[in-house]
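Enquirer: My questions all concern the structure below.
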Amino acid sequence: MGLSKEELARLETKAHDLRHSIVNTVLFAGSGHIGGALSALDIMVMLYYHFMNHKPGDPHWEDRDRFVLSKGHAGIGFASILADLGYIEKEQLKTFNLTGSKLGIHLDSNRIPGVDASTGSLGHGLSIALGMALAARQLKKNYRTFCILGDGECDEGSVWEAAMAISHFGATNLVTFIDRNQYMIDGNTEEVMKLEPFAEKWRAFGFDTLIINGHSFNELHTAIEHALVASEKPVAIVCNTVKGCGVNFMEGNYKWHYGAINEDVAEQCHRSLDQYYEKRVQEKGA
């Protein structure tokens with residue numbers, strides 16, 4: 001069954017509010033990885049506000065679903081979600097990446113409730129996620145593990161070693177997402193280190209591979225529903241996204257992989273996000 005109109009509207013509103021929160025957090029910090037946080041946000045919203053079993057009041061609940069943000073530099077977006085859900089105080093966002101803060105650019109699982117894995121050294125997250133999935137099997141637990149990779153991160157050989165192991169061990173309780181925004185810190189992925197044919201690579205490694213619009217909650221919902229009932233192959237979901245999604249002057253611009261903003265730029269971002277939300281709701285009927 002697809003998303004109801006009411007649920008779609010709720011998710012769209014939540015994503016809109018969180019995009020504004022990301023901009024504000026970048027402003028508090030002075031700079032941040034805004035481009036990739038905005039591209040991956042809808043995937044995280046779909047997981048945390050619709051699919052995942054978790055308890056903000058009990059972050060160590062042993063039956064919770066696990067989440068690994070392998071592209072850890074998008075932590076400025078993840079932190080906004082954790083604050084919104086109550087894992088951390090919203091006031092903490094004002095200290096993001098400042099001296100003495102618990103909130104660094106790459107979120108630390110030893111310091112931040114709700115963070116299952118410290119990531120940021122790119123290429124390691126999928127291996128960590130596999131360990132969690134195999135642990136669930138060993139412990140006879142029903143929790144699922146979700147992992148988001150960056151597409152530029154897939155230049156790392158360790159990603160493909162993990163993929164090979166996931167297929168070999170038949171870890172169908174792990175769902176792999178790739179934030180395919182086409183850009184990395186140095187430019188377009190196909191110019192820096194060609195990834196295409198990308199989906200075919202995942203299929204060759206034994207994955208049931210889906211290609212979707214990573215900004216469509218309906219497509220995300222359908223893909224995740226499929227992944228959660230898969231029994232023969234692990235599922236990889238290649239999410240076509242836009243770097244800097246929602247901020248018109250950042251969209252598709254690798255120079256906003258990491259950037260500094262002031263109050264004037266932040267105000268431009270907020271205006272653009274409002275226009276993006278209105279257009280998105282009209283187009284999708286939310």
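Residue numbers start at 1 in each chain; chains themselves are named A, B, ... in the order of the structure tokens; ligands are numbered from 1 in the order shown.
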Do a neighbour search on Arg203 in chain A at 12 Å with only C-alpha atoms, toss out local chain neighbours closer than 2 positions, and write the hits as a VMD selection string.

Expert: chain A and resid 160 163 to 164 167 197 to 201 205 to 211 233 to 238

Enquirer: So that I have them on file, write out the residues from the current selection with N, CA, C and O atoms, as a short mmCIF file (atom, residue, chain, number, x, y, z; two decimals), in the first residue's frame.

Expert:
```
data_model
loop_
_atom_site.label_atom_id
_atom_site.label_comp_id
_atom_site.auth_asym_id
_atom_site.auth_seq_id
_atom_site.Cartn_x
_atom_site.Cartn_y
_atom_site.Cartn_z
N TRP A 160 33.25 -2.02 -1.93
CA TRP A 160 32.97 -3.19 -2.76
C TRP A 160 33.34 -4.49 -2.05
O TRP A 160 32.73 -5.53 -2.29
N ALA A 163 30.27 -4.98 -0.04
CA ALA A 163 29.18 -5.43 -0.90
C ALA A 163 29.32 -6.91 -1.23
O ALA A 163 28.33 -7.66 -1.22
N MET A 164 30.53 -7.33 -1.51
CA MET A 164 30.77 -8.74 -1.82
C MET A 164 30.41 -9.61 -0.63
O MET A 164 29.78 -10.68 -0.78
N SER A 167 26.52 -9.83 -0.03
CA SER A 167 25.92 -10.80 -0.96
C SER A 167 26.26 -12.22 -0.55
O SER A 167 25.40 -13.11 -0.53
N PRO A 197 28.88 2.04 -15.49
CA PRO A 197 27.47 1.74 -15.18
C PRO A 197 27.32 1.35 -13.71
O PRO A 197 27.73 0.26 -13.31
N PHE A 198 26.75 2.24 -12.93
CA PHE A 198 26.75 2.13 -11.47
C PHE A 198 25.80 1.04 -10.96
O PHE A 198 26.18 0.17 -10.18
N ALA A 199 24.54 1.10 -11.37
CA ALA A 199 23.57 0.10 -10.90
C ALA A 199 24.00 -1.31 -11.31
O ALA A 199 23.84 -2.26 -10.54
N GLU A 200 24.57 -1.40 -12.50
CA GLU A 200 25.01 -2.72 -12.97
C GLU A 200 26.13 -3.28 -12.10
O GLU A 200 26.23 -4.50 -11.94
N LYS A 201 26.95 -2.42 -11.55
CA LYS A 201 28.01 -2.88 -10.64
C LYS A 201 27.38 -3.53 -9.40
O LYS A 201 27.82 -4.60 -8.96
N PHE A 205 27.48 -7.53 -8.13
CA PHE A 205 27.91 -7.97 -6.81
C PHE A 205 26.81 -8.74 -6.07
O PHE A 205 26.95 -9.06 -4.90
N GLY A 206 25.71 -9.02 -6.76
CA GLY A 206 24.68 -9.88 -6.20
C GLY A 206 23.52 -9.17 -5.54
O GLY A 206 22.76 -9.80 -4.78
N PHE A 207 23.34 -7.88 -5.82
CA PHE A 207 22.26 -7.11 -5.19
C PHE A 207 21.05 -6.98 -6.13
O PHE A 207 21.19 -6.84 -7.34
N ASP A 208 19.90 -7.04 -5.52
CA ASP A 208 18.66 -6.61 -6.18
C ASP A 208 18.72 -5.09 -6.16
O ASP A 208 18.63 -4.47 -5.08
N THR A 209 18.91 -4.47 -7.30
CA THR A 209 19.22 -3.05 -7.35
C THR A 209 18.09 -2.24 -7.97
O THR A 209 17.63 -2.53 -9.08
N LEU A 210 17.65 -1.22 -7.24
CA LEU A 210 16.57 -0.34 -7.69
C LEU A 210 17.15 1.05 -7.94
O LEU A 210 18.07 1.49 -7.25
N ILE A 211 16.60 1.73 -8.93
CA ILE A 211 17.00 3.11 -9.23
C ILE A 211 15.76 3.98 -9.07
O ILE A 211 14.74 3.75 -9.73
N LYS A 233 17.95 -11.87 -2.23
CA LYS A 233 19.11 -11.03 -2.46
C LYS A 233 19.02 -9.79 -1.57
O LYS A 233 17.93 -9.29 -1.32
N PRO A 234 20.17 -9.27 -1.13
CA PRO A 234 20.16 -7.97 -0.45
C PRO A 234 19.78 -6.89 -1.45
O PRO A 234 19.96 -7.07 -2.66
N VAL A 235 19.25 -5.80 -0.96
CA VAL A 235 18.76 -4.74 -1.84
C VAL A 235 19.64 -3.49 -1.73
O VAL A 235 19.98 -3.05 -0.63
N ALA A 236 19.99 -2.94 -2.89
CA ALA A 236 20.65 -1.65 -2.97
C ALA A 236 19.71 -0.69 -3.69
O ALA A 236 19.15 -1.04 -4.74
N ILE A 237 19.52 0.49 -3.11
CA ILE A 237 18.64 1.49 -3.71
C ILE A 237 19.48 2.69 -4.13
O ILE A 237 20.02 3.41 -3.29
N VAL A 238 19.63 2.85 -5.43
CA VAL A 238 20.38 3.98 -5.97
C VAL A 238 19.41 5.15 -6.06
O VAL A 238 18.46 5.14 -6.85
#
```

Enquirer: Would you pick out the contacts of range 245-254 of chain A at 12 Å or less, using only C-alpha atoms, so that residues sharing its chain but fewer than 5 positions from it are not included, and give the list as a VMD selection string?

Expert: chain A and resid 15 to 20 22 to 23 33 to 42 152 179 to 189 192 214 to 215 240 259 to 261 265 to 280

Enquirer: Extract, using only C-alpha atoms, all DNA, RNA and protein residues at most 8 Å from Val45 in chain A, discarding same-chain residues fewer than 4 positions from it, and format them as a ChimeraX atom specification.

Expert: /A:11,14-15,41,49-50,81

Enquirer: Those same residues, written as a PDB file, in the first residue's frame with C-alpha atoms?

Expert:
```pdb
ATOM      1  CA  LEU A  11       6.690  13.935   5.441  1.00  0.00           C
ATOM      2  CA  LYS A  14       8.918  17.583   8.040  1.00  0.00           C
ATOM      3  CA  ALA A  15      11.571  17.581   5.299  1.00  0.00           C
ATOM      4  CA  LEU A  41      17.767  14.399   3.787  1.00  0.00           C
ATOM      5  CA  TYR A  49       9.727   9.353  10.443  1.00  0.00           C
ATOM      6  CA  HIS A  50       8.033   6.422   8.733  1.00  0.00           C
ATOM      7  CA  ILE A  81      16.841  15.005  12.780  1.00  0.00           C
TER       8      ILE A  81
END
```

Enquirer: Measuring atom to atom with only C-alpha atoms, identify which of A:Ala165, A:Val281, A:Leu27, A:Ala135 is nearest to Leu93 in chain A.

Expert: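 Among the listed residues, the smallest separation from Leu93 in chain A belongs to A:Leu27.
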
Enquirer: Between CA of Arg144 in chain A and CA of Phe177 in chain A, what distance in Å does the model show, to one decimal?

Expert: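 So the answer is 13.5 Å.
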
Enquirer: With only C-alpha atoms as the atoms that count, which of A:Met193, A:Ile178, A:Ala74, A:Ala171 lies nearest to Ser231 in chain A?

Expert: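 Between A:Met193, A:Ile178, A:Ala74, A:Ala171, the residue approaching Ser231 in chain A most closely is A:Ala171.
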
Enquirer: Do you know which residues are at most 9 Å from Asp155 in chain A counting only C-alpha atoms, after dropping those on the same chain fewer than 6 positions away, and could you put them as number ranges by chain?

Expert: A: 123, 193-195

Enquirer: Could you please take those selected residues and save N, CA, C and O atoms as a short mmCIF file (atom, residue, chain, number, x, y, z; two decimals), in the first residue's frame?

Expert:
```cif
data_model
loop_
_atom_site.label_atom_id
_atom_site.label_comp_id
_atom_site.auth_asym_id
_atom_site.auth_seq_id
_atom_site.Cartn_x
_atom_site.Cartn_y
_atom_site.Cartn_z
N GLY A 123 34.10 4.98 3.30
CA GLY A 123 34.31 3.62 2.83
C GLY A 123 34.13 2.57 3.90
O GLY A 123 34.16 1.38 3.60
N MET A 193 36.25 10.10 -10.96
CA MET A 193 36.48 8.65 -11.03
C MET A 193 35.17 8.01 -11.48
O MET A 193 34.23 7.91 -10.69
N LYS A 194 35.11 7.62 -12.73
CA LYS A 194 33.87 7.16 -13.33
C LYS A 194 33.25 6.00 -12.56
O LYS A 194 33.90 4.99 -12.30
N LEU A 195 31.96 6.14 -12.24
CA LEU A 195 31.21 5.10 -11.55
C LEU A 195 30.30 4.30 -12.47
O LEU A 195 30.01 3.14 -12.21
#
```

Enquirer: When DSSP is applied to the backbone of this structure, which of range 18-199 of chain A are assigned strand (DSSP E or B)? Write them out as a list of chain:residue names.

Expert: A:Ser31, A:Gly32, A:Arg66, A:Phe67, A:Val68, A:Leu69, A:Thr145, A:Phe146, A:Cys147, A:Ile148, A:Leu149, A:Gly150, A:Leu174, A:Val175, A:Thr176, A:Phe177, A:Ile178, A:Asp179, A:Arg180, A:Tyr183, A:Met184, A:Gly187, A:Asn188

Enquirer: Need to verify the contact set: Gly32 in chain A, 12 Å, only C-alpha atoms, exclusion of same-chain residues closer than 6 positions in sequence. Can you return it as a short mmCIF file (atom, residue, chain, number, x, y, z; two decimals) with N, CA, C and O atoms, in the first residue's frame?

Expert:
```
data_model
loop_
_atom_site.label_atom_id
_atom_site.label_comp_id
_atom_site.auth_asym_id
_atom_site.auth_seq_id
_atom_site.Cartn_x
_atom_site.Cartn_y
_atom_site.Cartn_z
N ILE A 22 18.85 22.72 8.77
CA ILE A 22 20.21 22.51 8.27
C ILE A 22 20.87 23.84 7.95
O ILE A 22 22.03 24.09 8.32
N VAL A 23 20.15 24.71 7.27
CA VAL A 23 20.70 26.03 6.93
C VAL A 23 21.05 26.79 8.20
O VAL A 23 22.13 27.39 8.32
N ASN A 24 20.15 26.77 9.18
CA ASN A 24 20.42 27.49 10.43
C ASN A 24 21.64 26.92 11.14
O ASN A 24 22.45 27.66 11.71
N THR A 25 21.78 25.59 11.11
CA THR A 25 22.92 24.96 11.79
C THR A 25 24.23 25.31 11.09
O THR A 25 25.25 25.55 11.76
N VAL A 26 24.21 25.36 9.77
CA VAL A 26 25.40 25.79 9.03
C VAL A 26 25.74 27.24 9.40
O VAL A 26 26.92 27.59 9.57
N LEU A 38 21.66 18.17 2.27
CA LEU A 38 20.38 18.44 1.63
C LEU A 38 20.00 17.36 0.62
O LEU A 38 18.82 17.07 0.44
N HIS A 73 29.98 13.01 6.68
CA HIS A 73 30.05 14.46 6.58
C HIS A 73 28.66 15.09 6.44
O HIS A 73 28.52 16.30 6.60
N ALA A 74 27.63 14.28 6.14
CA ALA A 74 26.26 14.79 6.09
C ALA A 74 25.65 14.83 7.49
O ALA A 74 24.44 15.00 7.64
N GLY A 75 26.48 14.70 8.50
CA GLY A 75 26.02 14.70 9.88
C GLY A 75 25.29 15.95 10.29
O GLY A 75 24.51 15.94 11.25
N ILE A 76 25.50 17.04 9.58
CA ILE A 76 24.79 18.29 9.92
C ILE A 76 23.31 18.14 9.66
O ILE A 76 22.48 18.78 10.30
N GLY A 77 22.95 17.26 8.71
CA GLY A 77 21.55 16.94 8.47
C GLY A 77 21.03 15.93 9.47
O GLY A 77 19.91 16.05 9.98
N PHE A 96 27.17 23.47 16.92
CA PHE A 96 27.70 22.49 15.97
C PHE A 96 29.11 22.86 15.50
O PHE A 96 29.35 23.95 14.99
N ASN A 97 30.02 21.93 15.70
CA ASN A 97 31.42 22.04 15.27
C ASN A 97 32.17 23.21 15.90
O ASN A 97 33.22 23.62 15.40
N LEU A 98 31.66 23.73 17.00
CA LEU A 98 32.37 24.78 17.71
C LEU A 98 33.21 24.16 18.83
O LEU A 98 32.95 23.05 19.28
N GLY A 104 30.43 17.30 16.53
CA GLY A 104 31.45 17.56 15.54
C GLY A 104 30.88 17.36 14.15
O GLY A 104 29.76 16.90 13.97
N ILE A 105 31.67 17.68 13.13
CA ILE A 105 31.22 17.50 11.75
C ILE A 105 30.79 16.06 11.52
O ILE A 105 29.76 15.79 10.91
N HIS A 106 31.58 15.12 12.02
CA HIS A 106 31.24 13.70 11.95
C HIS A 106 30.75 13.28 13.34
O HIS A 106 31.51 13.32 14.30
N GLY A 244 22.66 19.88 -2.80
CA GLY A 244 22.13 21.18 -2.41
C GLY A 244 20.65 21.33 -2.65
O GLY A 244 20.15 22.45 -2.80
N LYS A 255 30.90 22.99 -5.56
CA LYS A 255 31.56 23.94 -4.67
C LYS A 255 30.78 24.13 -3.36
O LYS A 255 31.32 24.69 -2.40
N TRP A 256 29.53 23.65 -3.33
CA TRP A 256 28.76 23.68 -2.10
C TRP A 256 28.77 22.32 -1.41
O TRP A 256 27.91 22.04 -0.57
N HIS A 257 29.74 21.48 -1.76
CA HIS A 257 29.96 20.26 -0.98
C HIS A 257 30.20 20.66 0.48
O HIS A 257 29.64 20.06 1.40
N TYR A 258 31.03 21.66 0.65
CA TYR A 258 31.29 22.28 1.95
C TYR A 258 31.36 23.77 1.72
O TYR A 258 32.04 24.23 0.78
N GLY A 259 30.66 24.54 2.52
CA GLY A 259 30.70 25.97 2.29
C GLY A 259 30.36 26.77 3.53
O GLY A 259 29.78 26.26 4.50
N ALA A 260 30.76 28.04 3.49
CA ALA A 260 30.49 28.97 4.58
C ALA A 260 29.35 29.90 4.17
O ALA A 260 29.24 30.29 3.00
N ILE A 261 28.49 30.23 5.13
CA ILE A 261 27.41 31.17 4.85
C ILE A 261 27.33 32.19 5.97
O ILE A 261 27.72 31.93 7.11
N ASN A 262 26.83 33.38 5.61
CA ASN A 262 26.55 34.41 6.61
C ASN A 262 25.03 34.63 6.65
O ASN A 262 24.27 33.91 6.00
#
```

Enquirer: Ranking A:Val229, A:Met44, A:Leu82, A:Val68 by minimum distance to His124 in chain A and counting only C-alpha atoms, which one comes first?

Expert: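 Using only C-alpha atoms, His124 in chain A sits closest to A:Val68.
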
Enquirer: If you run DSSP on the backbone here, which positions in range 55-274 of chain A get alpha helix (DSSP H)? Please write them as number ranges by chain.

Expert: A: 75-85, 125-139, 157-169, 189-192, 198-204, 217-229, 263-274

Enquirer: So the first atom is CA of Thr99 in chain A and the second is CA of Gly30 in chain A; what is the distance between them in Å, to one decimal place?

Expert: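 Spanning CA of Thr99 in chain A to CA of Gly30 in chain A is a straight-line distance of 12.4 Å.
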
Enquirer: Identify, on the basis of only C-alpha atoms, every residue whose closest approach to Ser118 in chain A does not exceed 7 Å; exclude the query and any residue fewer than 5 positions from it along the same chain; express the result as a list of chain:residue names.

Expert: A:Leu107, A:Asp108, A:Ser109

Enquirer: Quote the spacing between CA of Ser127 in chain A and CA of Val159 in chain A in Å to one decimal place.

Expert: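 Calculated distance between CA of Ser127 in chain A and CA of Val159 in chain A is 7.4 Å.
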
Enquirer: From the options A:Glu196, A:Tyr143, A:Glu263, A:Pro56, which residue's atoms come nearest to Phe28 in chain A, counting only C-alpha atoms?

Expert: A:Glu263
